[in-house]
Structure formats: structure tokens, C-alpha cells
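Undergrad: Next comes final13.cif, mmCIF, C-alpha atoms:
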data_upload
#
loop_
_atom_site.group_PDB
_atom_site.id
_atom_site.type_symbol
_atom_site.label_atom_id
_atom_site.label_comp_id
_atom_site.auth_asym_id
_atom_site.auth_seq_id
_atom_site.Cartn_x
_atom_site.Cartn_y
_atom_site.Cartn_z
ATOM 1 C CA MET Q 1 7.528 -0.395 17.123
ATOM 2 C CA SER Q 2 4.807 -0.319 19.773
ATOM 3 C CA THR Q 3 4.892 -2.092 23.081
ATOM 4 C CA GLU Q 4 2.321 -4.642 24.227
ATOM 5 C CA ALA Q 5 0.804 -2.052 26.595
ATOM 6 C CA GLU Q 6 0.320 0.404 23.726
ATOM 7 C CA GLU Q 7 -1.237 -2.316 21.563
ATOM 8 C CA GLY Q 8 -3.581 -3.236 24.412
ATOM 9 C CA GLU Q 9 -4.642 0.412 24.738
ATOM 10 C CA VAL Q 10 -5.354 0.620 20.999
ATOM 11 C CA ILE Q 11 -7.380 -2.595 21.037
ATOM 12 C CA SER Q 12 -9.366 -1.534 24.110
ATOM 13 C CA ALA Q 13 -10.059 1.848 22.459
ATOM 14 C CA LEU Q 14 -11.838 0.102 19.570
ATOM 15 C CA PRO Q 15 -15.615 0.033 19.851
ATOM 16 C CA ASN Q 16 -17.220 -3.234 20.884
ATOM 17 C CA ARG Q 17 -20.659 -2.292 19.553
ATOM 18 C CA ALA Q 18 -22.229 -0.274 16.774
ATOM 19 C CA THR Q 19 -25.912 0.207 16.130
ATOM 20 C CA PRO Q 20 -27.438 -1.285 13.012
ATOM 21 C CA LEU Q 21 -28.156 2.259 11.810
ATOM 22 C CA GLU Q 22 -24.480 3.237 12.193
ATOM 23 C CA LEU Q 23 -23.430 0.140 10.270
ATOM 24 C CA PHE Q 24 -26.022 0.752 7.549
ATOM 25 C CA ILE Q 25 -25.020 4.408 7.127
ATOM 26 C CA GLY Q 26 -21.299 3.601 7.190
ATOM 27 C CA PHE Q 27 -21.490 0.903 4.537
ATOM 28 C CA ALA Q 28 -24.089 2.813 2.478
ATOM 29 C CA SER Q 29 -21.771 5.831 2.377
ATOM 30 C CA ILE Q 30 -18.888 3.816 0.984
ATOM 31 C CA ALA Q 31 -21.153 1.950 -1.411
ATOM 32 C CA VAL Q 32 -22.280 5.247 -2.928
ATOM 33 C CA VAL Q 33 -18.802 6.764 -3.343
ATOM 34 C CA GLY Q 34 -16.953 3.545 -4.170
ATOM 35 C CA PHE Q 35 -18.170 2.999 -7.714
ATOM 36 C CA GLY Q 36 -16.097 0.291 -9.360
ATOM 37 C CA GLY Q 37 -14.104 -0.696 -6.295
ATOM 38 C CA VAL Q 38 -15.177 -0.191 -2.694
ATOM 39 C CA MET Q 39 -12.419 -2.084 -0.878
ATOM 40 C CA PRO Q 40 -10.242 1.042 -0.448
ATOM 41 C CA TRP Q 41 -13.260 2.823 1.022
ATOM 42 C CA VAL Q 42 -14.080 -0.117 3.297
ATOM 43 C CA ARG Q 43 -10.543 -0.024 4.676
ATOM 44 C CA TRP Q 44 -10.777 3.745 5.180
ATOM 45 C CA LEU Q 45 -14.131 3.447 6.960
ATOM 46 C CA LEU Q 46 -13.205 0.533 9.208
ATOM 47 C CA VAL Q 47 -9.646 1.509 10.111
ATOM 48 C CA GLU Q 48 -9.277 5.268 9.733
ATOM 49 C CA LYS Q 49 -12.685 6.925 10.043
ATOM 50 C CA ARG Q 50 -14.655 4.803 12.511
ATOM 51 C CA GLY Q 51 -11.836 2.790 14.124
ATOM 52 C CA TRP Q 52 -14.008 -0.330 14.045
ATOM 53 C CA CYS Q 53 -10.861 -2.446 13.563
ATOM 54 C CA THR Q 54 -7.092 -2.047 13.514
ATOM 55 C CA GLU Q 55 -4.945 -2.273 10.378
ATOM 56 C CA ASP Q 56 -3.873 -5.807 11.319
ATOM 57 C CA GLU Q 57 -7.469 -6.851 11.949
ATOM 58 C CA PHE Q 58 -8.481 -5.445 8.569
ATOM 59 C CA ILE Q 59 -5.721 -7.368 6.795
ATOM 60 C CA ASN Q 60 -6.854 -10.554 8.560
ATOM 61 C CA LEU Q 61 -10.500 -9.863 7.680
ATOM 62 C CA PHE Q 62 -9.507 -9.218 4.076
ATOM 63 C CA ALA Q 63 -7.569 -12.479 3.915
ATOM 64 C CA LEU Q 64 -10.441 -14.435 5.481
ATOM 65 C CA SER Q 65 -13.014 -12.803 3.207
ATOM 66 C CA ASN Q 66 -11.082 -13.958 0.135
ATOM 67 C CA PHE Q 67 -11.430 -17.592 1.209
ATOM 68 C CA LEU Q 68 -15.121 -17.422 2.029
ATOM 69 C CA PRO Q 69 -17.633 -17.873 -0.803
ATOM 70 C CA GLY Q 70 -19.039 -14.657 -2.221
ATOM 71 C CA GLY Q 71 -17.622 -11.210 -2.703
ATOM 72 C CA ASN Q 72 -14.865 -10.184 -0.319
ATOM 73 C CA VAL Q 73 -16.412 -6.779 0.440
ATOM 74 C CA VAL Q 74 -19.744 -8.440 1.226
ATOM 75 C CA ASN Q 75 -17.980 -10.910 3.513
ATOM 76 C CA ILE Q 76 -16.175 -8.114 5.352
ATOM 77 C CA ALA Q 77 -19.461 -6.227 5.820
ATOM 78 C CA VAL Q 78 -21.104 -9.325 7.290
ATOM 79 C CA LEU Q 79 -18.123 -10.120 9.550
ATOM 80 C CA ILE Q 80 -17.777 -6.570 10.889
ATOM 81 C CA GLY Q 81 -21.543 -6.206 11.227
ATOM 82 C CA SER Q 82 -21.701 -9.416 13.244
ATOM 83 C CA ARG Q 83 -18.778 -8.420 15.430
ATOM 84 C CA LEU Q 84 -20.155 -4.974 16.230
ATOM 85 C CA GLY Q 85 -23.912 -5.514 16.126
ATOM 86 C CA GLY Q 86 -24.703 -9.219 16.050
ATOM 87 C CA PHE Q 87 -27.085 -10.621 13.460
ATOM 88 C CA GLY Q 88 -28.882 -7.277 13.065
ATOM 89 C CA GLY Q 89 -25.533 -5.581 12.489
ATOM 90 C CA SER Q 90 -24.664 -8.068 9.749
ATOM 91 C CA VAL Q 91 -27.988 -7.491 8.012
ATOM 92 C CA ALA Q 92 -27.665 -3.706 8.328
ATOM 93 C CA ALA Q 93 -24.076 -3.626 7.030
ATOM 94 C CA LEU Q 94 -24.981 -5.885 4.114
ATOM 95 C CA ALA Q 95 -28.089 -3.844 3.269
ATOM 96 C CA GLY Q 96 -26.066 -0.627 3.418
ATOM 97 C CA LEU Q 97 -23.471 -2.095 1.098
ATOM 98 C CA VAL Q 98 -25.906 -3.547 -1.437
ATOM 99 C CA ALA Q 99 -29.035 -1.352 -1.559
ATOM 100 C CA PRO Q 100 -27.632 2.022 -2.730
ATOM 101 C CA PRO Q 101 -25.535 0.557 -5.583
ATOM 102 C CA ALA Q 102 -28.462 -1.614 -6.704
ATOM 103 C CA ILE Q 103 -30.659 1.470 -6.995
ATOM 104 C CA ILE Q 104 -27.913 3.461 -8.736
ATOM 105 C CA VAL Q 105 -27.167 0.646 -11.199
ATOM 106 C CA CYS Q 106 -30.827 0.375 -12.137
ATOM 107 C CA LEU Q 107 -31.006 4.117 -12.758
ATOM 108 C CA VAL Q 108 -27.721 4.245 -14.682
ATOM 109 C CA GLY Q 109 -28.738 1.173 -16.700
ATOM 110 C CA GLY Q 110 -31.847 2.997 -17.827
ATOM 111 C CA LEU Q 111 -29.801 6.050 -18.775
ATOM 112 C CA TYR Q 112 -27.209 3.927 -20.592
ATOM 113 C CA ARG Q 113 -29.927 2.196 -22.559
ATOM 114 C CA SER Q 114 -31.099 5.586 -23.783
ATOM 115 C CA PHE Q 115 -27.789 7.439 -24.142
ATOM 116 C CA GLY Q 116 -25.012 4.780 -24.173
ATOM 117 C CA HIS Q 117 -24.303 5.264 -27.851
ATOM 118 C CA LEU Q 118 -23.133 8.867 -27.318
ATOM 119 C CA PRO Q 119 -19.362 9.533 -27.228
ATOM 120 C CA ALA Q 120 -19.717 11.476 -23.954
ATOM 121 C CA ALA Q 121 -21.272 8.447 -22.261
ATOM 122 C CA GLN Q 122 -18.441 6.217 -23.502
ATOM 123 C CA SER Q 123 -15.870 8.707 -22.164
ATOM 124 C CA MET Q 124 -17.518 8.689 -18.726
ATOM 125 C CA ILE Q 125 -17.382 4.894 -18.601
ATOM 126 C CA HIS Q 126 -13.671 4.877 -19.453
ATOM 127 C CA ALA Q 127 -12.989 7.551 -16.813
ATOM 128 C CA ALA Q 128 -14.851 5.562 -14.148
ATOM 129 C CA ALA Q 129 -12.840 2.431 -15.007
ATOM 130 C CA ALA Q 130 -9.549 4.337 -14.701
ATOM 131 C CA SER Q 131 -10.636 5.799 -11.370
ATOM 132 C CA ALA Q 132 -11.554 2.357 -10.002
ATOM 133 C CA ALA Q 133 -8.198 0.933 -11.112
ATOM 134 C CA GLY Q 134 -6.389 3.772 -9.337
ATOM 135 C CA LEU Q 135 -8.292 3.137 -6.108
ATOM 136 C CA ILE Q 136 -7.417 -0.553 -6.200
ATOM 137 C CA VAL Q 137 -3.711 0.202 -6.752
ATOM 138 C CA ALA Q 138 -3.758 2.720 -3.880
ATOM 139 C CA MET Q 139 -5.341 0.169 -1.544
ATOM 140 C CA GLY Q 140 -2.750 -2.419 -2.540
ATOM 141 C CA ILE Q 141 0.053 0.020 -1.714
ATOM 142 C CA ARG Q 142 -1.532 0.834 1.654
ATOM 143 C CA MET Q 143 -1.853 -2.847 2.505
ATOM 144 C CA VAL Q 144 1.751 -3.633 1.539
ATOM 145 C CA TYR Q 145 3.219 -0.607 3.359
ATOM 146 C CA PRO Q 146 3.002 -2.162 6.877
ATOM 147 C CA MET Q 147 4.870 -5.211 5.511
ATOM 148 C CA ARG Q 148 7.803 -3.145 4.254
ATOM 149 C CA LYS Q 149 10.137 -4.407 6.994
ATOM 150 C CA SER Q 150 9.394 -8.091 6.368
ATOM 151 C CA PRO Q 151 11.382 -9.487 3.436
ATOM 152 C CA ARG Q 152 9.427 -12.754 3.628
ATOM 153 C CA ALA Q 153 6.063 -10.959 3.324
ATOM 154 C CA LEU Q 154 7.362 -8.787 0.477
ATOM 155 C CA ALA Q 155 8.627 -11.885 -1.310
ATOM 156 C CA VAL Q 156 5.175 -13.493 -1.093
ATOM 157 C CA VAL Q 157 3.559 -10.278 -2.379
ATOM 158 C CA ALA Q 158 6.043 -10.125 -5.268
ATOM 159 C CA ILE Q 159 5.466 -13.773 -6.204
ATOM 160 C CA VAL Q 160 1.688 -13.305 -6.154
ATOM 161 C CA LEU Q 161 1.916 -10.093 -8.186
ATOM 162 C CA VAL Q 162 4.193 -11.611 -10.841
ATOM 163 C CA ALA Q 163 2.116 -14.789 -11.060
ATOM 164 C CA SER Q 164 -1.237 -13.006 -11.277
ATOM 165 C CA VAL Q 165 -0.281 -10.032 -13.456
ATOM 166 C CA GLY Q 166 2.661 -11.414 -15.418
ATOM 167 C CA PHE Q 167 1.529 -14.997 -15.941
ATOM 168 C CA ARG Q 168 -2.236 -14.491 -15.420
ATOM 169 C CA VAL Q 169 -2.502 -17.379 -12.970
ATOM 170 C CA PRO Q 170 -6.176 -17.712 -11.922
ATOM 171 C CA LEU Q 171 -7.102 -16.771 -8.351
ATOM 172 C CA VAL Q 172 -8.106 -20.340 -7.457
ATOM 173 C CA TRP Q 173 -4.644 -21.638 -8.345
ATOM 174 C CA MET Q 174 -3.006 -18.728 -6.529
ATOM 175 C CA LEU Q 175 -4.895 -19.616 -3.354
ATOM 176 C CA CYS Q 176 -4.153 -23.334 -3.698
ATOM 177 C CA LEU Q 177 -0.434 -22.740 -4.247
ATOM 178 C CA ILE Q 178 0.567 -19.655 -2.265
ATOM 179 C CA LEU Q 179 -1.422 -20.326 0.925
ATOM 180 C CA PRO Q 180 0.239 -23.657 1.805
ATOM 181 C CA ALA Q 181 3.631 -22.308 0.732
ATOM 182 C CA SER Q 182 3.340 -19.155 2.856
ATOM 183 C CA LEU Q 183 2.012 -21.110 5.867
ATOM 184 C CA ALA Q 184 4.877 -23.580 5.582
ATOM 185 C CA ALA Q 185 7.398 -20.740 5.296
ATOM 186 C CA ALA Q 186 5.919 -19.005 8.361
ATOM 187 C CA HIS Q 187 5.963 -22.236 10.362
ATOM 188 C CA TRP Q 188 9.506 -23.088 9.271
ATOM 189 C CA THR Q 189 10.913 -19.631 10.114
ATOM 190 C CA ARG Q 190 9.308 -19.534 13.583
ATOM 191 C CA LYS Q 191 11.171 -22.663 14.746
#
Can I see the file as C-alpha cells?

TA:
Amino acid sequence: MSTEAEEGEVISALPNRATPLELFIGFASIAVVGFGGVMPWVRWLLVEKRGWCTEDEFINLFALSNFLPGGNVVNIAVLIGSRLGGFGGSVAALAGLVAPPAIIVCLVGGLYRSFGHLPAAQSMIHAAAASAAGLIVAMGIRMVYPMRKSPRALAVVAIVLVASVGFRVPLVWMLCLILPASLAAAHWTRK
């Protein structure tokens, strides 16, 4: 467990600014390698590689991005871009996240149209889907790991997992039900 002084040193060590080019290159690099699921790569870039935010900040950004309209990765790119580079940073981060995959999808779409009927092409698609699923599971484990000492947080994670995977409760209902319940539980336990 870190002290407040250590936490202050970590927060002050985080960069306050990033150039639009740095944001574009950072998000473009994860967009290119993150086929099928870029959130694990976004976390790696922001927290581990560049240190643009702490683990707690990333979890908060991730939670906020799920409530905002649009894709959560897009929302995180815009939020981090704005924080580090203002409006230009938001535009650069968003362009870096969207442009390379758009170009790749257009190229792959053309190839699939010509060769999609081949068994080798079908095998590659199945392999990419399995890889994306593995990345999403790994990110989920990394996000739950810091909560391992909080039974209340683990209980909320377990309820959400059982409801979404076991009972296939839609995301909208999960947000409408679990958010007020978890906020009430947090408020009640702090008194």
C-alpha cells in the first residue's frame, strides 16, 4: 500500500502535455496491432508504455467512456487527447485510432471479396476472432487484479459477469441496474 506522498510523486511524474503527433502515433500504433479488440492495447499504451495516466485513472476513464455515447475506445482517445493536447490532441488521437483501421478494413474487404470463399481465408478469420477474445479476457483480468483485496468490488464484478454471460442481460439493463446499486453500496459502506 502506497502512502499519499508516493501517490503524489506518481501523479506529478505523469506528463501534463503530449503533442498531437505523439497522440496520433500512439493511438495509430495500437489501432494497427489491436485488430478485433484494442482496449487491452489502449490500457498498455496509456498506463504502461507512455504513462499518460495511472491504473486508477484508466479504470475511471474506462467507466466514464462506457456511459458516454459512442465507442468506449473512441471516447477514451478523445478524453486523453483533450487532457494532454487540448482540442488538437483529441482530433489527433481520434484520427490515429480511426484512420489506420479504416484503410486496413477497406483493403481486407477487397481481398475478402476476392478470396473469402477459400478455406484458408475462413481459418484466418476464426484465428483472428480467437485472438481478439483472448485479448479481451486478458484485459478483464488485468482490470480486476487491483480489486482483488476488495470483496465488495469483486462481488459487483461477479454479479455483472454472471448476469451478462450467464443470463445474457443486455448492457443497457446492466448499466441501469448495477450502477445505482453499486453507488448505493459504496455510499452505505462509507458511513

Undergrad: Q:Leu183, Q:Leu177, Q:Ala153, Q:Leu21: which is nearest Gly85 (chain Q), counting all atoms listed in the file?

TA: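 Checking each candidate against Gly85 (chain Q), we get Q:Leu21 as the closest.
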
Undergrad: Just the number, please: distance in Å from CA of Tyr112 (chain Q) to CA of Ala130 (chain Q), one decimal.

TA: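 Between these atoms lies a distance of 18.6 Å.
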
Undergrad: Between CA of Ala185 (chain Q) and CA of Val156 (chain Q), what distance in Å does the model show, to one decimal?

TA: 9.9 Å

Undergrad: Neighbouring residues of Phe58 (chain Q) were defined as those with any atom within 8 Å, considering all atoms listed in the file; residues of the same chain fewer than 5 positions away were excluded. Please report them as a PyMOL selection string.

TA: chain Q and resi 43+46-47+53

Undergrad: Calculated over all atoms listed in the file, which of the candidates Q:Met143, Q:Leu171, Q:Ala18, Q:Ala128 has the smallest distance to Met39 (chain Q)?

TA: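 Between Q:Met143, Q:Leu171, Q:Ala18, Q:Ala128, the residue approaching Met39 (chain Q) most closely is Q:Met143.
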
Undergrad: Quote the spacing between CA of Pro69 (chain Q) and CA of Ala129 (chain Q) in Å to one decimal place.

TA: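 Value for the CA of Pro69 (chain Q)-CA of Ala129 (chain Q) distance: 25.2 Å.
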
Undergrad: When distances are computed from all atoms listed in the file, which of Q:Leu68, Q:Ala95, Q:Ala102, Q:Ala186 shows the smallest separation from Arg152 (chain Q)?

TA: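 So, comparing all the options, the nearest one is Q:Ala186.
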
Undergrad: I'd like the neighbourhood of Ile125 (chain Q) as number ranges by chain, where a residue qualifies if any of its atoms comes within 12 Å (using only C-alpha atoms), though same-chain residues fewer than 4 positions away should be ignored.

TA: Q: 35-36, 108, 112, 116-121, 129-132

Undergrad: If we count all atoms listed in the file and set the cut-off at 12 Å, which residues sit around Glu22 (chain Q), ignoring sequence neighbours fewer than 4 positions away in its own chain? Please answer as a compact mmCIF listing (two decimals) with C-alpha atoms, keeping the file's coordinate frame.

TA:
# COMPACT_ATOMS: atom_id res chain seq x y z
CA ARG Q 17 -20.66 -2.29 19.55
CA ALA Q 18 -22.23 -0.27 16.77
CA GLY Q 26 -21.30 3.60 7.19
CA PHE Q 27 -21.49 0.90 4.54
CA ALA Q 28 -24.09 2.81 2.48
CA SER Q 29 -21.77 5.83 2.38
CA LEU Q 45 -14.13 3.45 6.96
CA LEU Q 46 -13.20 0.53 9.21
CA ARG Q 50 -14.66 4.80 12.51
CA TRP Q 52 -14.01 -0.33 14.04
CA ILE Q 80 -17.78 -6.57 10.89
CA GLY Q 81 -21.54 -6.21 11.23
CA LEU Q 84 -20.16 -4.97 16.23
CA GLY Q 85 -23.91 -5.51 16.13
CA GLY Q 88 -28.88 -7.28 13.06
CA GLY Q 89 -25.53 -5.58 12.49
CA SER Q 90 -24.66 -8.07 9.75
CA ALA Q 92 -27.66 -3.71 8.33
CA ALA Q 93 -24.08 -3.63 7.03
CA ALA Q 95 -28.09 -3.84 3.27
CA GLY Q 96 -26.07 -0.63 3.42

Undergrad: Would you mind telling me which residue in Q:Ser82, Q:Glu48, Q:Phe67, Q:Ala99 lies nearest to Cys176 (chain Q) when using all atoms listed in the file?

TA: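 Once distances to Cys176 (chain Q) are computed over all atoms listed in the file, the minimum belongs to Q:Phe67.
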
Undergrad: Given the file shown, determine the residues that the PyMOL selection byres ((chain Q and resi 61) around 10) selects; report them as a list of chain:residue names.

TA: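 Those residues are Q:Cys53, Q:Glu55, Q:Asp56, Q:Glu57, Q:Phe58, Q:Ile59, Q:Asn60, Q:Phe62, Q:Ala63, Q:Leu64, Q:Ser65, Q:Asn66, Q:Asn72, Q:Val73, Q:Asn75, Q:Ile76, Q:Ala77, Q:Leu79, Q:Ile80.
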
Undergrad: When you count only C-alpha atoms, which of these residues is closest to Val105 (chain Q): Q:Arg148, Q:Ala31, Q:Val42, Q:Pro20?

TA: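 Closest candidate: Q:Ala31.
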
Undergrad: For Val160 (chain Q), which residue out of Q:Thr19, Q:Thr189, Q:Ser182, Q:Thr54 is the nearest one, using only C-alpha atoms?

TA: Q:Ser182
